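For reference, model_19.tsv is printed below; it contains TSV, C-alpha atoms.
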chain	number	residue	atom	x	y	z
A	296	MET	CA	-74.62	128.83	117.87
A	297	ASN	CA	-77.15	131.35	116.56
A	298	SER	CA	-80.80	131.43	117.61
A	299	SER	CA	-83.44	130.62	114.97
A	300	PRO	CA	-86.68	132.68	114.67
A	301	GLN	CA	-88.55	129.90	116.48
A	302	GLN	CA	-86.01	129.93	119.29
A	303	ALA	CA	-86.28	133.71	119.57
A	304	ARG	CA	-90.02	133.40	120.25
A	305	ARG	CA	-89.47	131.03	123.13
A	306	PRO	CA	-88.78	132.35	126.62
A	307	GLN	CA	-85.05	132.62	127.12
A	308	VAL	CA	-82.68	133.46	129.90
A	309	VAL	CA	-79.16	134.80	129.35
A	310	VAL	CA	-76.67	134.71	132.20
A	311	ARG	CA	-73.01	135.40	132.82
A	312	GLY	CA	-71.21	132.87	134.98
A	313	GLU	CA	-68.06	133.85	136.84
A	314	ALA	CA	-65.57	132.10	139.08
A	315	ALA	CA	-62.32	132.87	140.88
A	316	VAL	CA	-59.81	130.21	141.85
A	317	LEU	CA	-56.97	130.87	144.29
A	318	VAL	CA	-54.00	128.53	143.91
A	319	ASP	CA	-50.30	128.29	144.71
A	320	PRO	CA	-47.86	129.44	142.01
A	321	GLU	CA	-46.18	126.84	139.81
A	322	VAL	CA	-43.24	128.83	138.44
A	323	ALA	CA	-40.91	131.56	139.70
A	324	ASP	CA	-38.96	134.06	137.56
A	325	VAL	CA	-35.72	135.53	138.89
A	326	GLY	CA	-33.59	138.19	137.24
A	327	VAL	CA	-29.81	138.23	137.73
A	328	THR	CA	-27.60	141.15	136.72
A	329	VAL	CA	-23.80	141.04	136.77
A	330	ARG	CA	-22.30	144.52	136.67
A	331	SER	CA	-18.54	145.09	136.84
A	332	ARG	CA	-16.66	148.38	136.86
A	333	ALA	CA	-12.95	148.91	136.14
A	334	ARG	CA	-10.45	151.50	134.92
A	335	ASP	CA	-10.34	150.02	131.43
A	336	ARG	CA	-12.74	148.07	129.24
A	337	GLN	CA	-10.64	144.90	129.14
A	338	THR	CA	-10.57	144.59	132.91
A	339	ALA	CA	-14.29	145.36	133.19
A	340	LEU	CA	-15.05	142.62	130.67
A	341	GLU	CA	-12.77	140.14	132.41
A	342	ARG	CA	-14.41	140.78	135.78
A	343	CYS	CA	-17.89	140.54	134.29
A	344	THR	CA	-17.00	137.28	132.55
A	345	ALA	CA	-15.62	135.80	135.76
A	346	ARG	CA	-18.71	136.79	137.77
A	347	GLN	CA	-21.02	135.46	135.08
A	348	ALA	CA	-19.19	132.14	135.23
A	349	GLU	CA	-19.86	132.03	138.98
A	350	VAL	CA	-23.55	132.75	138.35
A	351	SER	CA	-23.68	129.94	135.78
A	352	ALA	CA	-22.08	127.56	138.29
A	353	VAL	CA	-24.74	128.37	140.91
A	354	VAL	CA	-27.51	127.88	138.35
A	355	ALA	CA	-26.02	124.60	137.14
A	356	GLY	CA	-25.87	123.39	140.75
A	357	LEU	CA	-29.67	123.49	140.94
A	358	GLY	CA	-29.99	121.08	138.03
A	359	ALA	CA	-33.44	120.55	136.55
A	360	ALA	CA	-35.01	122.94	139.06
A	361	VAL	CA	-33.97	125.74	136.68
A	362	GLU	CA	-36.12	125.17	133.62
A	363	ARG	CA	-34.83	128.09	131.61
A	364	SER	CA	-31.79	130.37	131.67
A	365	GLU	CA	-31.68	133.14	129.07
A	366	THR	CA	-29.32	136.05	128.54
A	367	THR	CA	-31.63	138.98	127.87
A	368	ALA	CA	-29.21	141.95	127.84
A	369	VAL	CA	-25.49	142.70	127.52
A	370	SER	CA	-23.93	146.13	127.88
A	371	VAL	CA	-20.43	147.61	127.75
A	372	HIS	CA	-20.26	151.37	128.18
A	373	VAL	CA	-18.48	154.22	129.91
A	374	GLU	CA	-20.27	155.59	132.94
A	375	VAL	CA	-19.58	159.14	134.10
A	376	ARG	CA	-20.42	159.68	137.76
A	377	ASP	CA	-18.44	162.88	138.26
A	378	ARG	CA	-18.02	165.41	135.44
A	379	ARG	CA	-14.69	166.43	136.89
A	380	ALA	CA	-13.31	162.90	136.43
A	381	PRO	CA	-13.07	160.61	133.42
A	382	GLY	CA	-15.74	157.98	133.04
A	383	GLU	CA	-15.24	154.33	134.00
A	384	PRO	CA	-15.97	151.38	131.74
A	385	VAL	CA	-18.83	149.20	132.95
A	386	ALA	CA	-19.71	145.74	131.63
A	387	SER	CA	-23.00	144.04	132.49
A	388	VAL	CA	-24.95	140.90	131.66
A	389	HIS	CA	-28.60	140.26	132.58
A	390	THR	CA	-29.92	136.71	132.85
A	391	GLN	CA	-33.55	135.68	133.28
A	392	LEU	CA	-34.14	132.44	135.15
A	393	THR	CA	-37.30	130.36	135.29
A	394	LEU	CA	-37.59	127.91	138.17
A	395	GLY	CA	-40.07	125.05	138.15
A	396	ARG	CA	-39.46	124.26	141.81
A	397	ILE	CA	-40.73	126.93	144.17
A	398	ASP	CA	-38.94	125.42	147.16
A	399	VAL	CA	-35.44	126.25	145.83
A	400	VAL	CA	-36.04	129.95	145.08
A	401	GLY	CA	-34.78	131.08	148.47
A	402	GLU	CA	-31.68	128.93	148.11
A	403	LEU	CA	-30.93	130.42	144.71
A	404	VAL	CA	-31.38	134.02	145.87
A	405	VAL	CA	-29.05	133.51	148.83
A	406	ALA	CA	-26.37	131.79	146.72
A	407	LEU	CA	-26.42	134.54	144.11
A	408	GLY	CA	-26.62	137.27	146.75
A	409	ARG	CA	-23.27	136.15	148.14
A	410	LEU	CA	-21.50	136.96	144.85
A	411	ASP	CA	-19.86	140.34	144.34
A	412	ASP	CA	-21.09	142.54	141.48
A	413	VAL	CA	-24.33	140.56	141.29
A	414	ALA	CA	-27.86	141.97	141.75
A	415	VAL	CA	-30.93	139.73	142.04
A	416	SER	CA	-34.49	140.84	141.27
A	417	GLY	CA	-37.72	138.97	141.88
A	418	PRO	CA	-39.03	136.44	142.35
A	419	GLY	CA	-42.07	136.84	140.16
A	420	TRP	CA	-44.62	134.13	140.85
A	421	ARG	CA	-46.94	132.76	138.16
A	422	LEU	CA	-48.79	129.76	136.79
A	423	ARG	CA	-47.93	127.74	133.71
A	424	PRO	CA	-49.91	128.52	130.53
A	425	ASP	CA	-51.47	125.04	130.66
A	426	SER	CA	-52.14	125.08	134.39
A	427	PRO	CA	-55.13	122.94	135.50
A	428	ALA	CA	-56.28	126.00	137.45
A	429	LEU	CA	-57.31	127.68	134.19
A	430	GLU	CA	-59.63	124.83	133.23
A	431	ARG	CA	-60.97	124.69	136.77
A	432	ALA	CA	-61.87	128.39	136.64
A	433	ARG	CA	-63.65	128.00	133.30
A	434	LEU	CA	-65.68	124.99	134.42
A	435	ASP	CA	-66.57	126.67	137.71
A	436	ALA	CA	-67.83	129.63	135.66
A	437	VAL	CA	-70.06	127.29	133.62
A	438	ARG	CA	-71.50	125.78	136.79
A	439	ASP	CA	-72.14	129.27	138.12
A	440	ALA	CA	-73.99	130.18	134.91
A	441	VAL	CA	-76.21	127.08	135.11
A	442	ARG	CA	-76.99	127.77	138.76
A	443	ARG	CA	-77.95	131.38	138.03
A	444	ALA	CA	-80.09	130.45	135.03
A	445	ARG	CA	-82.00	127.86	137.07
A	446	GLN	CA	-82.63	130.41	139.79
A	447	TYR	CA	-83.98	132.96	137.31
A	448	ALA	CA	-86.19	130.39	135.61
A	449	ALA	CA	-87.53	129.15	138.95
A	450	ALA	CA	-88.34	132.72	139.93
A	451	PHE	CA	-90.78	132.78	137.00
A	452	GLY	CA	-92.21	129.38	137.84
A	453	ALA	CA	-90.37	127.81	134.88
A	454	GLU	CA	-87.43	125.51	134.24
A	455	LEU	CA	-84.59	125.31	131.74
A	456	THR	CA	-85.36	123.24	128.68
A	457	GLU	CA	-82.50	123.68	126.23
A	458	LEU	CA	-79.01	125.09	125.88
A	459	LEU	CA	-78.98	127.61	123.02
A	460	GLU	CA	-75.63	129.35	123.08
A	461	VAL	CA	-72.34	129.43	124.94
A	462	ASP	CA	-69.99	132.39	124.61
A	463	ASP	CA	-66.56	131.75	126.10
A	464	THR	CA	-65.51	135.21	127.21
A	465	GLY	CA	-62.29	133.64	128.36
A	466	HIS	CA	-60.39	133.83	131.58
A	467	SER	CA	-59.05	137.24	132.48
A	468	GLY	CA	-55.65	135.83	133.22
A	469	TYR	CA	-54.04	135.02	136.49
A	470	GLY	CA	-53.24	138.24	138.30
A	471	LEU	CA	-50.62	138.31	140.96
A	472	ARG	CA	-52.01	139.46	144.28
A	473	VAL	CA	-48.64	140.35	145.75
A	474	ALA	CA	-49.63	142.98	148.31
A	475	GLY	CA	-49.50	141.34	151.68
A	476	ALA	CA	-49.00	137.94	150.09
A	477	MET	CA	-45.26	137.75	149.50
A	478	ASP	CA	-43.32	138.04	152.71
A	479	SER	CA	-39.66	137.28	153.12
A	480	MET	CA	-37.57	136.83	156.22
A	481	ALA	CA	-33.86	136.29	156.52
A	482	ARG	CA	-32.59	134.39	159.52
A	483	PHE	CA	-29.38	132.77	160.64
A	484	GLU	CA	-29.30	129.09	161.52
A	485	SER	CA	-25.89	127.80	162.54
A	486	SER	CA	-23.46	129.33	160.02
A	487	ASP	CA	-25.80	129.28	157.05
A	488	LEU	CA	-28.08	132.07	155.94
A	489	GLN	CA	-31.55	130.93	154.90
A	490	LEU	CA	-34.13	133.11	153.22
A	491	ASP	CA	-37.73	132.13	153.83
A	492	LEU	CA	-40.09	133.16	151.05
A	493	THR	CA	-43.88	132.94	151.06
A	494	PRO	CA	-45.01	132.70	147.42
A	495	ALA	CA	-47.91	134.94	146.41
A	496	ARG	CA	-51.00	132.87	145.63
A	497	GLN	CA	-52.41	133.25	142.13
A	498	GLU	CA	-56.01	134.27	141.45
A	499	VAL	CA	-57.51	132.95	138.20
A	500	HIS	CA	-60.77	134.42	136.89
A	501	GLY	CA	-63.12	132.52	134.59
A	502	ALA	CA	-66.18	133.92	132.79
A	503	VAL	CA	-68.77	132.57	130.37
A	504	GLU	CA	-72.06	133.82	128.91
A	505	VAL	CA	-74.78	131.22	128.35
A	506	ARG	CA	-78.23	131.42	126.75
A	507	PHE	CA	-80.91	128.91	127.69
A	508	ALA	CA	-84.45	128.29	126.52
A	509	MET	CA	-86.97	127.82	129.32
A	510	SER	CA	-90.51	126.62	129.70
A	511	GLU	CA	-93.43	129.02	129.68
A	512	PRO	CA	-93.50	131.10	132.87
A	513	ASP	CA	-96.26	130.63	135.42
A	514	ARG	CA	-98.65	133.48	134.68
A	515	GLU	CA	-99.59	133.67	138.35
A	516	VAL	CA	-96.10	135.04	138.94
A	517	PHE	CA	-96.98	138.11	136.86
A	518	GLY	CA	-100.30	138.47	138.57
A	519	ALA	CA	-98.81	138.50	142.06
Would you write the structure of this file as structure tokens?
Amino acid sequence: MNSSPQQARRPQVVVRGEAAVLVDPEVADVGVTVRSRARDRQTALERCTARQAEVSAVVAGLGAAVERSETTAVSVHVEVRDRRAPGEPVASVHTQLTLGRIDVVGELVVALGRLDDVAVSGPGWRLRPDSPALERARLDAVRDAVRRARQYAAAFGAELTELLEVDDTGHSGYGLRVAGAMDSMARFESSDLQLDLTPARQEVHGAVEVRFAMSEPDREVFGA
């Protein structure tokens, strides 16, 4: 919405509204790598295939809690660890998991951690792209802009009269504040190992620039 020449002659106030919303994560990403080593390629592949089947069984056991399971990398190569000895074939498969239930992440990590030749990375906590927290941050930013504009207008002995322009500068994304926010503790209870995870809360930033027209300032304010 562009300002007309008449609007430009009227007193205006332009403000930037900002807001930050801190919420619990909605999704967790976990990486799983199966890596098997053997004296020949066939055996390395067979071991990797068997381990990957065990990983798939664990994932299937969680049902709908695992929203996505994708194979993102496969590798078969010869690894040389000692130049004086022949290299050994290594087969690996990397799977990326997305969990929609935060409460089962610890269970998944423990189950996968019990498997040989399996490495687990993560979890990475995040919000969904359509999370209500994004809208909340934007609307809070608008309310902040209106509040600031009213304060500025009142400081001149005036009041807001018309909305002229809104510039959605967008939300800056939801950054993970992991430092000091994701703690894990392993403990034994009876014969079962349980891993307690504290998900890192997500901080969403909203920002908006708004232009208002305002009434004529009180000239006594300038004479003070």
Using all atoms listed in the file, find each residue in segment 374-473 of chain A having at least one atom no more than 9 Å away from segment 323-338 of chain A; report its shortest atom-to-atom pair and that distance in Å (one decimal), rows by chain then rising number, as a tab-separated table.
residue	atom	partner	partner_atom	distance
A:Glu374	CA	A:Arg332	CA	9.0
A:Gly382	CA	A:Arg334	CA	8.6
A:Glu383	CA	A:Arg334	CA	5.6
A:Pro384	CA	A:Arg336	CA	5.3
A:Val385	CA	A:Arg332	CA	4.5
A:Ala386	CA	A:Ser331	CA	5.4
A:Ser387	CA	A:Arg330	CA	4.3
A:Val388	CA	A:Val329	CA	5.2
A:His389	CA	A:Thr328	CA	4.4
A:Thr390	CA	A:Val327	CA	5.1
A:Gln391	CA	A:Gly326	CA	4.7
A:Leu392	CA	A:Val325	CA	5.1
A:Thr393	CA	A:Asp324	CA	4.6
A:Leu394	CA	A:Ala323	CA	5.2
A:Gly395	CA	A:Ala323	CA	6.7
A:Arg396	CA	A:Ala323	CA	7.7
A:Ile397	CA	A:Ala323	CA	6.4
A:Val400	CA	A:Ala323	CA	7.4
A:Val404	CA	A:Val325	CA	8.4
A:Leu407	CA	A:Val327	CA	8.1
A:Asp411	CA	A:Val329	CA	8.6
A:Asp412	CA	A:Arg330	CA	5.3
A:Val413	CA	A:Val329	CA	4.6
A:Ala414	CA	A:Thr328	CA	5.1
A:Val415	CA	A:Val327	CA	4.7
A:Ser416	CA	A:Gly326	CA	4.9
A:Gly417	CA	A:Val325	CA	5.0
A:Pro418	CA	A:Val325	CA	4.9
A:Gly419	CA	A:Asp324	CA	4.9
A:Trp420	CA	A:Ala323	CA	4.7
A:Arg421	CA	A:Ala323	CA	6.3
A:Leu422	CA	A:Ala323	CA	8.6
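In terms of minimum interatomic distance to Ala449 of chain A, A:Val516 ranks closest within A:Val503, A:Leu357, A:Val516, A:Ala352, counting all atoms listed in the file.
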Item to check | Nearest to Phe451 of chain A by atom-to-atom distance, counting all atoms listed in the file, from A:Val308, A:Ala495, A:Ala314, A:Cys343 | outcome: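 Nearest candidate to Phe451 of chain A out of A:Val308, A:Ala495, A:Ala314, A:Cys343: A:Val308.
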Item to check | Non-local contacts of Arg305 of chain A (9 Å; all atoms listed in the file; under 4 positions in same chain excluded) as a PyMOL selection string | outcome: chain A and resi 301+508-511
Go ahead and dump the residues you just picked, C-alpha atoms, as an mmCIF file, keeping the file's coordinate frame.
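Heads up, here's the output in result06.cif:
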data_model
loop_
_atom_site.group_PDB
_atom_site.id
_atom_site.type_symbol
_atom_site.label_atom_id
_atom_site.label_comp_id
_atom_site.auth_asym_id
_atom_site.auth_seq_id
_atom_site.Cartn_x
_atom_site.Cartn_y
_atom_site.Cartn_z
ATOM 1 C CA GLN A 301 -88.550 129.900 116.480
ATOM 2 C CA ALA A 508 -84.450 128.290 126.520
ATOM 3 C CA MET A 509 -86.970 127.820 129.320
ATOM 4 C CA SER A 510 -90.510 126.620 129.700
ATOM 5 C CA GLU A 511 -93.430 129.020 129.680
#
Checklist entry - Nearest to Ala440 of chain A among A:Arg506, A:Arg304, A:Arg379, A:Arg346, with distances taken over all atoms listed in the file: which residue is it? => result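 Of A:Arg506, A:Arg304, A:Arg379, A:Arg346, the one nearest Ala440 of chain A is A:Arg506, counting all atoms listed in the file.
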Next on the checklist: If I take atom CA of Ala502 of chain A and atom CA of Gly452 of chain A, how far is one from the other in Å, to one decimal?
Outcome noted: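 Atom-to-atom, atom CA of Ala502 of chain A and atom CA of Gly452 of chain A are spaced 26.9 Å apart.
Here atom CA of Val399 of chain A is placed at a distance of 13.4 Å from atom CA of Pro320 of chain A.
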Next on the checklist: So, with only C-alpha atoms as the atoms that count, which of A:Pro512, A:Pro381, A:Gly408, A:Pro494 lies closest to Tyr447 of chain A?
Outcome noted: A:Pro512
Item to check | Nearby residues (all atoms listed in the file) at most 7 Å from Arg496 of chain A, same-chain spacing under 4 positions excluded, as a PyMOL selection string | outcome: chain A and resi 317-320+472
Checklist entry - Which residue out of A:Val441, A:Val373, A:Glu362, A:Ala453 has the minimum interatomic distance to Arg514 of chain A when only C-alpha atoms are used? => result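 Under the stated criterion, the closest residue is A:Ala453.
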Checklist entry - What does the distance from atom CA of Val405 of chain A to atom CA of Leu490 of chain A come to in Å, to one decimal? => result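 For atom CA of Val405 of chain A relative to atom CA of Leu490 of chain A, the distance reads 6.7 Å.
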